[in-house]
>>> print(open('target-v4.txt').read())   # compact mmCIF, C-alpha atoms
# COMPACT_ATOMS: atom_id res chain seq x y z
CA MET S 1 10.82 8.37 20.37
CA THR S 2 12.53 4.98 20.49
CA GLN S 3 10.74 2.42 22.54
CA SER S 4 12.43 0.15 25.01
CA SER S 5 13.14 -3.15 23.32
CA ASP S 6 12.29 -5.23 26.34
CA THR S 7 8.70 -4.14 26.63
CA ALA S 8 8.06 -3.92 22.90
CA HIS S 9 7.22 -7.58 22.49
CA VAL S 10 4.52 -7.41 25.10
CA GLU S 11 3.21 -3.93 24.56
CA GLY S 12 3.45 -3.53 20.79
CA GLN S 13 3.49 -0.18 19.07
CA GLN S 14 1.98 2.64 21.11
CA HIS S 15 2.16 6.24 20.06
CA PRO S 16 0.12 9.36 20.82
CA ILE S 17 -2.98 9.66 18.67
CA GLY S 18 -1.96 13.15 17.56
CA ILE S 19 0.72 11.67 15.30
CA TYR S 20 -1.90 9.81 13.28
CA PHE S 21 -4.02 12.94 12.86
CA LYS S 22 -1.00 14.93 11.70
CA ILE S 23 0.01 12.28 9.16
CA TRP S 24 -3.58 11.98 8.02
CA GLY S 25 -3.69 15.73 7.42
CA LEU S 26 -0.36 15.70 5.60
CA LEU S 27 -1.54 12.87 3.33
CA PHE S 28 -4.67 14.89 2.50
CA VAL S 29 -2.58 17.93 1.62
CA LEU S 30 -0.20 15.89 -0.53
CA SER S 31 -3.09 14.14 -2.34
CA ALA S 32 -4.75 17.49 -2.96
CA GLY S 33 -1.39 18.65 -4.32
CA SER S 34 -1.12 15.81 -6.80
CA TYR S 35 -4.74 16.32 -7.84
CA ALA S 36 -4.00 20.02 -8.38
CA VAL S 37 -1.10 19.09 -10.66
CA ASP S 38 -3.60 17.42 -12.95
CA TYR S 39 -6.36 19.97 -12.47
CA TYR S 40 -4.20 22.93 -13.44
CA HIS S 41 -2.66 21.03 -16.37
CA LEU S 42 0.94 21.43 -15.34
CA GLU S 43 3.12 19.89 -18.03
CA SER S 44 6.47 18.30 -18.71
CA TYR S 45 9.24 18.20 -16.11
CA LEU S 46 7.37 20.27 -13.54
CA ARG S 47 4.40 17.91 -13.71
CA TRP S 48 6.53 14.81 -13.42
CA SER S 49 8.79 15.98 -10.64
CA LEU S 50 5.78 17.12 -8.59
CA ILE S 51 3.85 13.87 -9.15
CA LEU S 52 6.84 11.72 -8.21
CA ILE S 53 7.77 13.85 -5.19
CA PHE S 54 4.21 13.77 -3.84
CA MET S 55 4.06 10.01 -4.50
CA MET S 56 7.30 9.26 -2.65
CA LEU S 57 6.39 11.56 0.26
CA LYS S 58 2.99 9.89 0.67
CA ALA S 59 4.49 6.41 0.46
CA GLY S 60 7.17 7.36 2.98
CA LEU S 61 4.68 8.80 5.46
CA ILE S 62 2.44 5.74 5.25
CA VAL S 63 5.29 3.27 5.74
CA ALA S 64 7.12 5.28 8.40
CA PHE S 65 4.20 6.29 10.61
CA PHE S 66 1.07 4.28 9.82
CA MET S 67 3.04 1.05 9.45
CA HIS S 68 5.35 2.04 12.33
CA MET S 69 8.50 1.38 10.34
CA ARG S 70 10.11 4.44 11.94
CA TRP S 71 10.07 2.75 15.33
CA GLU S 72 11.27 -0.69 14.22
CA ARG S 73 14.81 -1.98 14.56
CA LEU S 74 17.18 -1.58 11.60
CA ALA S 75 17.19 -5.36 11.04
CA LEU S 76 13.54 -5.21 9.89
CA ILE S 77 13.77 -1.80 8.19
CA TYR S 78 16.61 -2.90 5.92
CA ALA S 79 15.12 -6.35 5.22
CA ILE S 80 11.86 -4.83 3.97
CA THR S 81 12.80 -1.50 2.40
CA LEU S 82 16.04 -2.31 0.57
CA PRO S 83 14.83 -5.10 -1.80
CA PRO S 84 12.18 -2.90 -3.52
CA VAL S 85 14.94 -0.40 -4.37
CA LEU S 86 16.30 -3.00 -6.79
CA VAL S 87 13.10 -2.60 -8.81
CA LEU S 88 14.71 0.59 -10.12
CA VAL S 89 17.13 -1.59 -12.10
CA PHE S 90 14.10 -3.27 -13.66
CA VAL S 91 12.63 0.16 -14.42
CA ALA S 92 15.82 1.14 -16.25
CA LEU S 93 15.85 -2.12 -18.23
CA MET S 94 12.24 -1.77 -19.31
CA THR S 95 12.76 1.85 -20.29
CA PHE S 96 15.45 0.76 -22.76
CA GLU S 97 13.25 -2.09 -23.95
CA ALA S 98 10.24 0.18 -24.50
CA ASP S 99 12.33 2.73 -26.39
CA TYR S 100 13.72 -0.03 -28.59
CA THR S 101 10.24 -1.43 -29.29
CA LEU S 102 8.92 2.00 -30.15
CA PHE S 103 11.89 2.56 -32.44
CA THR S 104 11.35 -0.71 -34.33
CA ARG S 105 7.62 -0.07 -34.62
CA GLY S 106 8.25 3.41 -35.97
CA THR S 107 10.92 2.26 -38.37
CA PHE S 108 9.51 -0.98 -39.76
CA PHE S 109 5.75 -0.87 -39.24
CA SER S 110 4.71 2.73 -39.78
CA ALA S 111 4.51 2.31 -43.59
CA ALA S 112 2.04 -0.56 -43.28
CA GLN S 113 -0.57 1.57 -41.50
CA MET Y 1 31.38 -38.59 27.01
CA THR Y 2 29.79 -35.64 25.25
CA GLN Y 3 29.06 -32.52 27.09
CA SER Y 4 26.49 -30.03 26.04
CA THR Y 5 27.52 -26.45 25.94
CA LEU Y 6 25.57 -24.03 28.00
CA THR Y 7 24.49 -21.31 25.63
CA ASP Y 8 22.04 -19.56 27.85
CA THR Y 9 23.93 -17.05 29.93
CA GLY Y 10 20.98 -16.59 32.20
CA GLN Y 11 20.65 -12.91 31.45
CA SER Y 12 19.38 -11.14 28.41
CA LEU Y 13 22.11 -10.00 26.09
CA ALA Y 14 22.62 -6.36 25.30
CA ARG Y 15 20.76 -5.20 22.20
CA PRO Y 16 22.69 -2.38 20.57
CA ASP Y 17 20.96 0.16 18.36
CA GLY Y 18 21.86 1.50 14.95
CA VAL Y 19 24.02 -0.25 12.36
CA GLN Y 20 25.76 -2.31 15.01
CA GLY Y 21 22.36 -3.48 16.19
CA PHE Y 22 21.51 -4.47 12.61
CA VAL Y 23 24.66 -6.62 12.37
CA THR Y 24 24.11 -8.10 15.83
CA ASP Y 25 20.48 -8.95 15.12
CA TRP Y 26 21.19 -10.61 11.80
CA SER Y 27 24.20 -12.60 13.06
CA SER Y 28 22.54 -13.74 16.26
CA ASP Y 29 21.02 -17.12 16.86
CA GLN Y 30 17.54 -18.07 15.61
CA ARG Y 31 15.77 -14.73 15.43
CA ALA Y 32 16.73 -11.81 13.24
CA PHE Y 33 13.71 -9.67 14.07
CA LYS Y 34 14.21 -9.36 17.80
CA ASN Y 35 11.21 -7.50 19.09
CA VAL Y 36 8.85 -8.35 16.25
CA PRO Y 37 6.30 -11.15 16.73
CA TRP Y 38 6.57 -13.67 13.91
CA GLY Y 39 3.06 -13.01 12.64
CA LYS Y 40 4.04 -9.43 12.01
CA ALA Y 41 7.37 -10.39 10.41
CA MET Y 42 5.56 -12.80 8.09
CA MET Y 43 3.03 -10.14 7.11
CA TRP Y 44 5.90 -7.79 6.26
CA ILE Y 45 7.53 -10.46 4.11
CA PHE Y 46 4.23 -11.19 2.38
CA LEU Y 47 3.83 -7.47 1.70
CA LEU Y 48 7.34 -7.37 0.28
CA SER Y 49 6.41 -10.12 -2.18
CA ASP Y 50 3.18 -8.29 -3.01
CA THR Y 51 5.26 -5.19 -3.66
CA PHE Y 52 7.10 -7.09 -6.38
CA ILE Y 53 3.84 -8.26 -7.93
CA PHE Y 54 2.47 -4.74 -8.16
CA SER Y 55 5.87 -3.49 -9.35
CA CYS Y 56 5.71 -5.96 -12.22
CA PHE Y 57 2.20 -4.79 -13.13
CA LEU Y 58 3.12 -1.14 -13.09
CA LEU Y 59 6.34 -1.83 -14.99
CA SER Y 60 4.53 -3.74 -17.71
CA TYR Y 61 2.10 -0.82 -17.89
CA MET Y 62 5.01 1.59 -18.26
CA THR Y 63 6.52 -0.59 -20.99
CA VAL Y 64 3.38 -0.91 -23.11
CA ARG Y 65 2.52 2.74 -22.70
CA MET Y 66 5.98 3.93 -23.71
CA SER Y 67 6.16 1.63 -26.70
CA THR Y 68 2.70 2.03 -28.22
CA THR Y 69 2.37 3.99 -31.45
CA VAL Y 70 -1.38 4.41 -30.96
CA GLU Y 71 -2.55 7.36 -28.91
CA TRP Y 72 -3.17 6.69 -25.22
CA PRO Y 73 -6.50 7.95 -23.82
CA ILE Y 74 -6.17 10.94 -21.47
CA PRO Y 75 -7.07 9.63 -18.00
CA SER Y 76 -8.21 12.96 -16.62
CA GLU Y 77 -10.86 13.11 -19.35
CA VAL Y 78 -11.78 9.43 -19.27
CA PHE Y 79 -12.36 9.53 -15.51
CA ALA Y 80 -14.11 12.90 -15.43
CA LEU Y 81 -17.58 13.09 -13.92
CA SER Y 82 -20.18 15.78 -14.15
CA PHE Y 83 -22.56 16.58 -11.34
CA GLY Y 84 -25.11 18.39 -13.44
CA GLY Y 85 -22.65 20.92 -14.84
CA GLU Y 86 -19.22 20.95 -16.41
CA PRO Y 87 -17.41 17.61 -16.08
CA ILE Y 88 -14.81 17.77 -13.31
CA PRO Y 89 -11.61 15.97 -14.34
CA LEU Y 90 -10.58 12.86 -12.41
CA ILE Y 91 -12.97 13.71 -9.59
CA LEU Y 92 -14.07 10.14 -8.86
CA ILE Y 93 -10.47 9.00 -8.53
CA ALA Y 94 -9.71 11.93 -6.22
CA ILE Y 95 -12.64 11.00 -3.99
CA MET Y 96 -11.50 7.36 -3.95
CA THR Y 97 -8.01 8.50 -2.97
CA PHE Y 98 -9.28 10.58 -0.06
CA ILE Y 99 -11.52 7.74 1.10
CA LEU Y 100 -8.65 5.27 1.11
CA ILE Y 101 -6.37 7.68 3.01
CA SER Y 102 -9.10 8.25 5.58
CA SER Y 103 -9.55 4.51 5.98
CA SER Y 104 -5.82 4.24 6.64
CA GLY Y 105 -6.11 6.92 9.33
CA THR Y 106 -8.94 5.13 11.13
CA MET Y 107 -7.05 1.84 10.85
CA ALA Y 108 -3.92 3.32 12.45
CA MET Y 109 -6.06 4.51 15.35
CA ALA Y 110 -7.74 1.12 15.66
CA VAL Y 111 -4.28 -0.41 16.17
CA LYS Y 112 -3.47 2.18 18.80
CA PHE Y 113 -6.72 1.57 20.73
CA GLY Y 114 -6.19 -2.17 20.41
CA TYR Y 115 -2.84 -2.00 22.21
CA GLU Y 116 -4.50 0.19 24.85
CA ARG Y 117 -6.99 -2.66 25.35
CA ASN Y 118 -9.85 -0.39 24.43
CA ARG Y 119 -11.62 -3.09 22.46
CA ARG Y 120 -14.82 -1.19 21.66
CA MET Y 121 -13.06 1.82 20.15
CA SER Y 122 -10.72 -0.50 18.28
CA ALA Y 123 -13.59 -2.55 16.83
CA ILE Y 124 -15.64 0.54 15.91
CA LEU Y 125 -12.68 2.11 14.12
CA MET Y 126 -12.06 -1.12 12.22
CA LEU Y 127 -15.72 -1.18 11.17
CA VAL Y 128 -15.39 2.41 9.95
CA THR Y 129 -12.28 1.35 8.04
CA ALA Y 130 -14.18 -1.56 6.50
CA LEU Y 131 -17.03 0.74 5.45
CA PHE Y 132 -14.59 3.16 3.83
CA GLY Y 133 -13.04 0.19 2.03
CA ALA Y 134 -16.42 -1.11 0.91
CA SER Y 135 -17.38 2.30 -0.47
CA PHE Y 136 -14.06 2.39 -2.32
CA VAL Y 137 -14.86 -0.95 -3.96
CA GLY Y 138 -18.35 0.35 -4.74
CA MET Y 139 -16.95 3.36 -6.56
CA GLN Y 140 -14.55 1.14 -8.41
CA ALA Y 141 -17.49 -1.03 -9.52
CA PHE Y 142 -19.20 2.15 -10.73
CA GLU Y 143 -16.07 3.17 -12.63
CA TRP Y 144 -15.73 -0.26 -14.24
CA THR Y 145 -19.41 -0.26 -15.23
CA LYS Y 146 -19.04 3.18 -16.80
CA LEU Y 147 -16.00 2.08 -18.78
CA ILE Y 148 -17.38 -1.28 -19.87
CA VAL Y 149 -21.01 -0.38 -20.60
CA ASP Y 150 -20.87 3.28 -21.64
CA GLU Y 151 -17.44 3.58 -23.20
CA GLY Y 152 -17.11 0.03 -24.54
CA VAL Y 153 -13.63 -0.57 -23.14
CA ARG Y 154 -12.58 -4.23 -23.10
CA PRO Y 155 -9.37 -5.93 -21.95
CA TRP Y 156 -8.56 -6.55 -25.62
CA ALA Y 157 -9.99 -3.41 -27.23
CA ASN Y 158 -10.54 0.25 -26.56
CA PRO Y 159 -12.52 2.63 -28.77
CA MET Y 160 -10.70 5.63 -27.29
CA GLY Y 161 -7.21 4.65 -28.41
CA ALA Y 162 -4.54 2.14 -27.47
CA PRO Y 163 -6.04 -1.30 -26.68
CA GLN Y 164 -3.39 -1.74 -23.97
CA PHE Y 165 -5.25 0.87 -21.95
CA GLY Y 166 -8.08 -1.59 -21.34
CA SER Y 167 -5.92 -4.56 -20.43
CA VAL Y 168 -3.69 -2.58 -18.06
CA PHE Y 169 -6.61 -0.76 -16.47
CA PHE Y 170 -8.60 -3.90 -15.72
CA MET Y 171 -5.59 -5.86 -14.54
CA VAL Y 172 -4.07 -3.25 -12.24
CA THR Y 173 -7.22 -1.79 -10.72
CA GLY Y 174 -8.81 -5.23 -10.63
CA PHE Y 175 -5.93 -6.69 -8.67
CA HIS Y 176 -5.91 -3.73 -6.33
CA GLY Y 177 -9.68 -3.87 -5.88
CA PHE Y 178 -9.38 -7.56 -5.10
CA HIS Y 179 -6.88 -6.72 -2.36
CA VAL Y 180 -9.26 -4.11 -0.94
CA SER Y 181 -12.15 -6.59 -0.98
CA ILE Y 182 -10.15 -9.24 0.84
CA GLY Y 183 -9.08 -6.57 3.33
CA VAL Y 184 -12.69 -5.58 3.99
CA ILE Y 185 -13.65 -9.20 4.68
CA PHE Y 186 -10.77 -9.66 7.09
CA LEU Y 187 -11.50 -6.32 8.76
CA PHE Y 188 -15.01 -7.53 9.58
CA ALA Y 189 -13.61 -10.78 10.97
CA ILE Y 190 -10.95 -9.09 13.12
CA ALA Y 191 -13.38 -6.38 14.27
CA ARG Y 192 -15.81 -9.10 15.38
CA LYS Y 193 -13.11 -10.89 17.37
CA THR Y 194 -11.98 -7.63 18.92
CA TRP Y 195 -15.54 -6.69 19.87
CA ARG Y 196 -16.09 -10.11 21.46
CA GLY Y 197 -12.95 -9.64 23.53
CA ASP Y 198 -11.08 -12.61 22.05
CA TYR Y 199 -7.79 -10.75 22.33
CA ASP Y 200 -8.37 -9.82 25.98
CA ARG Y 201 -9.17 -13.43 26.89
CA GLN Y 202 -6.38 -14.75 24.62
CA ALA Y 203 -8.97 -17.00 23.02
CA PRO Y 204 -7.30 -19.47 20.62
CA GLY Y 205 -7.67 -18.74 16.91
CA PHE Y 206 -10.08 -20.83 14.84
CA PHE Y 207 -7.48 -22.15 12.40
CA THR Y 208 -4.22 -21.71 14.25
CA SER Y 209 -5.19 -22.36 17.87
CA ARG Y 210 -2.64 -19.69 18.80
CA LYS Y 211 -3.42 -17.47 21.74
CA GLY Y 212 -5.28 -14.40 20.55
CA SER Y 213 -3.58 -11.06 21.03
CA TYR Y 214 -3.90 -7.49 19.80
CA GLU Y 215 -0.91 -8.15 17.59
CA SER Y 216 -3.53 -9.43 15.08
CA VAL Y 217 -4.98 -5.93 14.85
CA GLU Y 218 -1.57 -4.51 14.01
CA VAL Y 219 -0.95 -7.21 11.38
CA MET Y 220 -4.37 -6.43 9.88
CA GLY Y 221 -3.36 -2.77 9.91
CA LEU Y 222 -0.14 -3.48 8.03
CA TYR Y 223 -2.09 -5.17 5.26
CA TRP Y 224 -4.61 -2.35 5.07
CA HIS Y 225 -1.95 0.39 4.95
CA PHE Y 226 -0.23 -1.55 2.18
CA VAL Y 227 -3.42 -1.46 0.10
CA ASP Y 228 -3.42 2.31 0.57
CA LEU Y 229 0.27 2.42 -0.32
CA VAL Y 230 -0.28 0.59 -3.61
CA TRP Y 231 -3.07 3.01 -4.47
CA VAL Y 232 -0.63 5.91 -4.01
CA PHE Y 233 1.51 4.45 -6.80
CA ILE Y 234 -1.42 3.53 -9.05
CA PHE Y 235 -2.89 7.01 -8.63
CA ALA Y 236 0.42 8.65 -9.52
CA VAL Y 237 1.49 6.58 -12.49
CA PHE Y 238 -1.79 5.42 -14.00
CA TYR Y 239 -4.20 8.29 -13.43
CA LEU Y 240 -1.85 11.27 -13.42
CA TRP Y 241 0.48 10.23 -16.25
>>> encode(input="target-v4.txt", output="C-alpha cells")
Amino acid sequence: MTQSSDTAHVEGQQHPIGIYFKIWGLLFVLSAGSYAVDYYHLESYLRWSLILIFMMLKAGLIVAFFMHMRWERLALIYAITLPPVLVLVFVALMTFEADYTLFTRGTFFSAAQ
Amino acid sequence: MTQSTLTDTGQSLARPDGVQGFVTDWSSDQRAFKNVPWGKAMMWIFLLSDTFIFSCFLLSYMTVRMSTTVEWPIPSEVFALSFGGEPIPLILIAIMTFILISSSGTMAMAVKFGYERNRRMSAILMLVTALFGASFVGMQAFEWTKLIVDEGVRPWANPMGAPQFGSVFFMVTGFHGFHVSIGVIFLFAIARKTWRGDYDRQAPGFFTSRKGSYESVEVMGLYWHFVDLVWVFIFAVFYLW
C-alpha cells in the first residue's frame, strides 16, 4: 500500500474509495459501542476500559486513514504523533494534584459546610 | 580564490524507507518532510499545537472534576431528550457524534475526488460536509439554549451541582463549536474554488498568490478530520464520564 515517493508530490494521496466506506462503518460501530456503554449503565473498570479503548480506536482510525497518516513517511508520523504522547506526563501530574486538592478540601474545609 | 562546492549530484538521491528513512529525512538538507507539500506540513504542525490546547482544556476539566467535593451532574441525564415518550439518555450527543463522523467520511471522499480531478464531485461532497457541520453547530446551539434558558446553567453557577460543570462545558464545547464553525466557513470557500475549477487552472490564491492545487482540499480535509478527532475525545471524557 506504500506509494512511490517520486510521484507523491504531484499526485497526492489517492486510495480506493472502499477504504473510506469501511472506516466510516467501523467508526459508526465504535461510536454505537461507546453509546451502548452509557445506555446499558456499565460501571467501574469495565465502563472505563471500554470507553477508553473505543476512544483510542476511533482516534487511531481517523488519523491513520482519513488523515492519511498511514501512508506518510516516518519523518512526519513521528514529528506529529510522538509529542502528544508527552501529554500523558501532564495527565499523571494533574491526577496527583487533583487528589491532593480533594484531600485538603476534605480534611480542612468539610467542617465549615 | 574561493570555489563553490557542487552539492547537486544531478540525480535524485535514494530515499530509504523505515527508521533509516526517518533518520535520513531529518538529517538531510533543507526539507525534513520529503514528499509533503509545505502547506500540508504547516497544517499538521498547527493541528499539533491545537492538540495541546484541547489537551489543556480536557486536563483542567479532569482536574476540577476529580477535586470537587460537590456532586457532579450526570451527563447522560442532563443531555437526555424525550421525543414524546420516555427521555432517551444522551441521544442528542449521539446524533451529533454520528453527524460529525459522517461529515468526516464525506470529506475524505472529497479529497479523493479532488486528486482525481473530479471537481464537481469534490465540491458537492465538501458542500455536504459543510451542511453536516452546520447542522452540528445548530444542535449545539439548541443544547446550549436548553442548558442556559431551561436549566439555568451559567459559566459561574450550576443549579444541578458543581459550578465547574458550567464553566468546563461552555469552554470546551464552545471552543470546539468555534472550530467547527470556522471549518464550515472554509469548506464553503474551498468548495466554491473547487467548483469554479481554480485548482484545475492553477489560479493564484487571493491572499497568497500561490498557484492553486488540489492540495488545498487535502489540507482542508486535515483540519476537518481534526475537528472530528477532538469530538471523539470530548465525547468520551466529558459526556461518558
>>> residues_around(input="target-v4.txt", residues="Phe109 (chain S)", least_positions_apart="6", cutoff="12 Å", atoms="only C-alpha atoms", output="list in words")
Thr101, Leu102 and Phe103 of chain S; Thr68 and Thr69 of chain Y
>>> residues_around(input="target-v4.txt", residues="region 98-108 of chain Y", least_positions_apart="5", cutoff="7 Å", atoms="all atoms listed in the file", output="PDB file with C-alpha atoms, in the coordinates of the input")
ATOM      1  CA  TYR S  20      -1.900   9.810  13.280  1.00  0.00           C
ATOM      2  CA  TRP S  24      -3.580  11.980   8.020  1.00  0.00           C
ATOM      3  CA  PHE S  28      -4.670  14.890   2.500  1.00  0.00           C
ATOM      4  CA  PHE S  66       1.070   4.280   9.820  1.00  0.00           C
TER       5      PHE S  66
ATOM      6  CA  LEU Y 125     -12.680   2.110  14.120  1.00  0.00           C
ATOM      7  CA  MET Y 126     -12.060  -1.120  12.220  1.00  0.00           C
ATOM      8  CA  THR Y 129     -12.280   1.350   8.040  1.00  0.00           C
ATOM      9  CA  PHE Y 132     -14.590   3.160   3.830  1.00  0.00           C
ATOM     10  CA  GLY Y 133     -13.040   0.190   2.030  1.00  0.00           C
ATOM     11  CA  PHE Y 136     -14.060   2.390  -2.320  1.00  0.00           C
ATOM     12  CA  GLY Y 221      -3.360  -2.770   9.910  1.00  0.00           C
ATOM     13  CA  TRP Y 224      -4.610  -2.350   5.070  1.00  0.00           C
ATOM     14  CA  HIS Y 225      -1.950   0.390   4.950  1.00  0.00           C
ATOM     15  CA  ASP Y 228      -3.420   2.310   0.570  1.00  0.00           C
TER      16      ASP Y 228
END
>>> closest_residue(input="target-v4.txt", among="Y:Glu215, Y:Asp50, Y:Asp29, Y:Glu86", to="chain S", atoms="all atoms listed in the file")
Y:Glu215
>>> atom_distance(input="target-v4.txt", atom1="CA of Leu74 (chain S)", atom2="CA of Gly18 (chain Y)")
6.5 Å
>>> closest_atom_pairs(input="target-v4.txt", of="chain S", to="chain Y", cutoff="7 Å", atoms="only C-alpha atoms", output="tab-separated table")
residue	atom	partner	partner_atom	distance
S:Ser5	CA	Y:Asn35	CA	6.4
S:Ala8	CA	Y:Asn35	CA	6.1
S:His9	CA	Y:Asn35	CA	5.2
S:Glu11	CA	Y:Tyr115	CA	6.8
S:Gly12	CA	Y:Tyr115	CA	6.6
S:Gln14	CA	Y:Lys112	CA	5.9
S:Ile17	CA	Y:Met109	CA	6.9
S:Tyr20	CA	Y:Gly105	CA	6.5
S:Trp24	CA	Y:Gly105	CA	5.8
S:Phe28	CA	Y:Phe98	CA	6.8
S:Tyr35	CA	Y:Ala94	CA	6.8
S:Asp38	CA	Y:Leu240	CA	6.4
S:Tyr39	CA	Y:Pro89	CA	6.9
S:Ile51	CA	Y:Ala236	CA	6.3
S:Met55	CA	Y:Val232	CA	6.2
S:Ala59	CA	Y:Leu229	CA	5.9
S:Ile62	CA	Y:Leu229	CA	6.8
S:Phe66	CA	Y:Ala108	CA	5.7
S:Met67	CA	Y:Leu222	CA	5.7
S:Leu74	CA	Y:Phe22	CA	5.3
S:Ala75	CA	Y:Phe22	CA	4.7
S:Leu76	CA	Y:Phe33	CA	6.1
S:Ile80	CA	Y:Leu48	CA	6.4
S:Val91	CA	Y:Leu59	CA	6.6
S:Met94	CA	Y:Thr63	CA	6.1
S:Thr95	CA	Y:Thr63	CA	6.7
S:Ala98	CA	Y:Ser67	CA	4.9
S:Asp99	CA	Y:Ser67	CA	6.3
S:Thr101	CA	Y:Ser67	CA	5.7
S:Leu102	CA	Y:Ser67	CA	4.4
>>> closest_residue(input="target-v4.txt", among="Y:Thr194, Y:Thr208, Y:Ser216, Y:Gln30", to="Arg117 (chain Y)", atoms="all atoms listed in the file")
Y:Thr194
>>> atom_distance(input="target-v4.txt", atom1="CA of Val78 (chain Y)", atom2="CA of Val153 (chain Y)")
10.9 Å
>>> decode(input="target-v4.txt", residues="region 30-37 of chain S", atoms="all heavy atoms", output="CSV table (one decimal), in the first residue's frame")
chain,number,residue,atom,x,y,z
S,30,LEU,N,-18.1,1.7,16.3
S,30,LEU,CA,-17.4,2.0,17.6
S,30,LEU,C,-18.1,3.1,18.4
S,30,LEU,O,-18.2,3.0,19.6
S,30,LEU,CB,-15.9,2.5,17.3
S,30,LEU,CG,-15.0,1.4,16.8
S,30,LEU,CD1,-13.7,2.1,16.3
S,30,LEU,CD2,-14.7,0.4,17.9
S,31,SER,N,-18.7,4.1,17.7
S,31,SER,CA,-19.5,5.1,18.4
S,31,SER,C,-20.7,4.5,19.0
S,31,SER,O,-21.1,4.8,20.1
S,31,SER,CB,-19.9,6.2,17.4
S,31,SER,OG,-18.8,6.8,16.8
S,32,ALA,N,-21.4,3.6,18.2
S,32,ALA,CA,-22.5,2.9,18.8
S,32,ALA,C,-22.1,2.1,20.0
S,32,ALA,O,-22.8,2.1,21.0
S,32,ALA,CB,-23.2,2.0,17.7
S,33,GLY,N,-20.9,1.5,20.0
S,33,GLY,CA,-20.4,0.8,21.1
S,33,GLY,C,-20.3,1.7,22.3
S,33,GLY,O,-20.7,1.4,23.4
S,34,SER,N,-19.7,2.9,22.2
S,34,SER,CA,-19.5,3.7,23.3
S,34,SER,C,-20.8,4.3,23.8
S,34,SER,O,-20.9,4.6,25.0
S,34,SER,CB,-18.4,4.9,23.1
S,34,SER,OG,-18.4,5.3,21.7
S,35,TYR,N,-21.7,4.5,22.9
S,35,TYR,CA,-23.1,5.0,23.4
S,35,TYR,C,-23.7,3.8,24.2
S,35,TYR,O,-24.4,4.1,25.2
S,35,TYR,CB,-23.9,5.4,22.2
S,35,TYR,CG,-25.3,5.8,22.5
S,35,TYR,CD1,-25.5,7.0,23.3
S,35,TYR,CD2,-26.4,5.1,22.2
S,35,TYR,CE1,-26.7,7.4,23.6
S,35,TYR,CE2,-27.7,5.5,22.6
S,35,TYR,CZ,-27.8,6.7,23.3
S,35,TYR,OH,-29.1,7.1,23.7
S,36,ALA,N,-23.6,2.6,23.7
S,36,ALA,CA,-24.2,1.5,24.4
S,36,ALA,C,-23.6,1.3,25.8
S,36,ALA,O,-24.3,1.0,26.8
S,36,ALA,CB,-23.9,0.2,23.6
S,37,VAL,N,-22.3,1.7,26.0
S,37,VAL,CA,-21.7,1.6,27.3
S,37,VAL,C,-22.5,2.5,28.3
S,37,VAL,O,-22.8,2.1,29.4
S,37,VAL,CB,-20.2,2.1,27.3
S,37,VAL,CG1,-19.7,2.3,28.6
S,37,VAL,CG2,-19.4,1.0,26.5
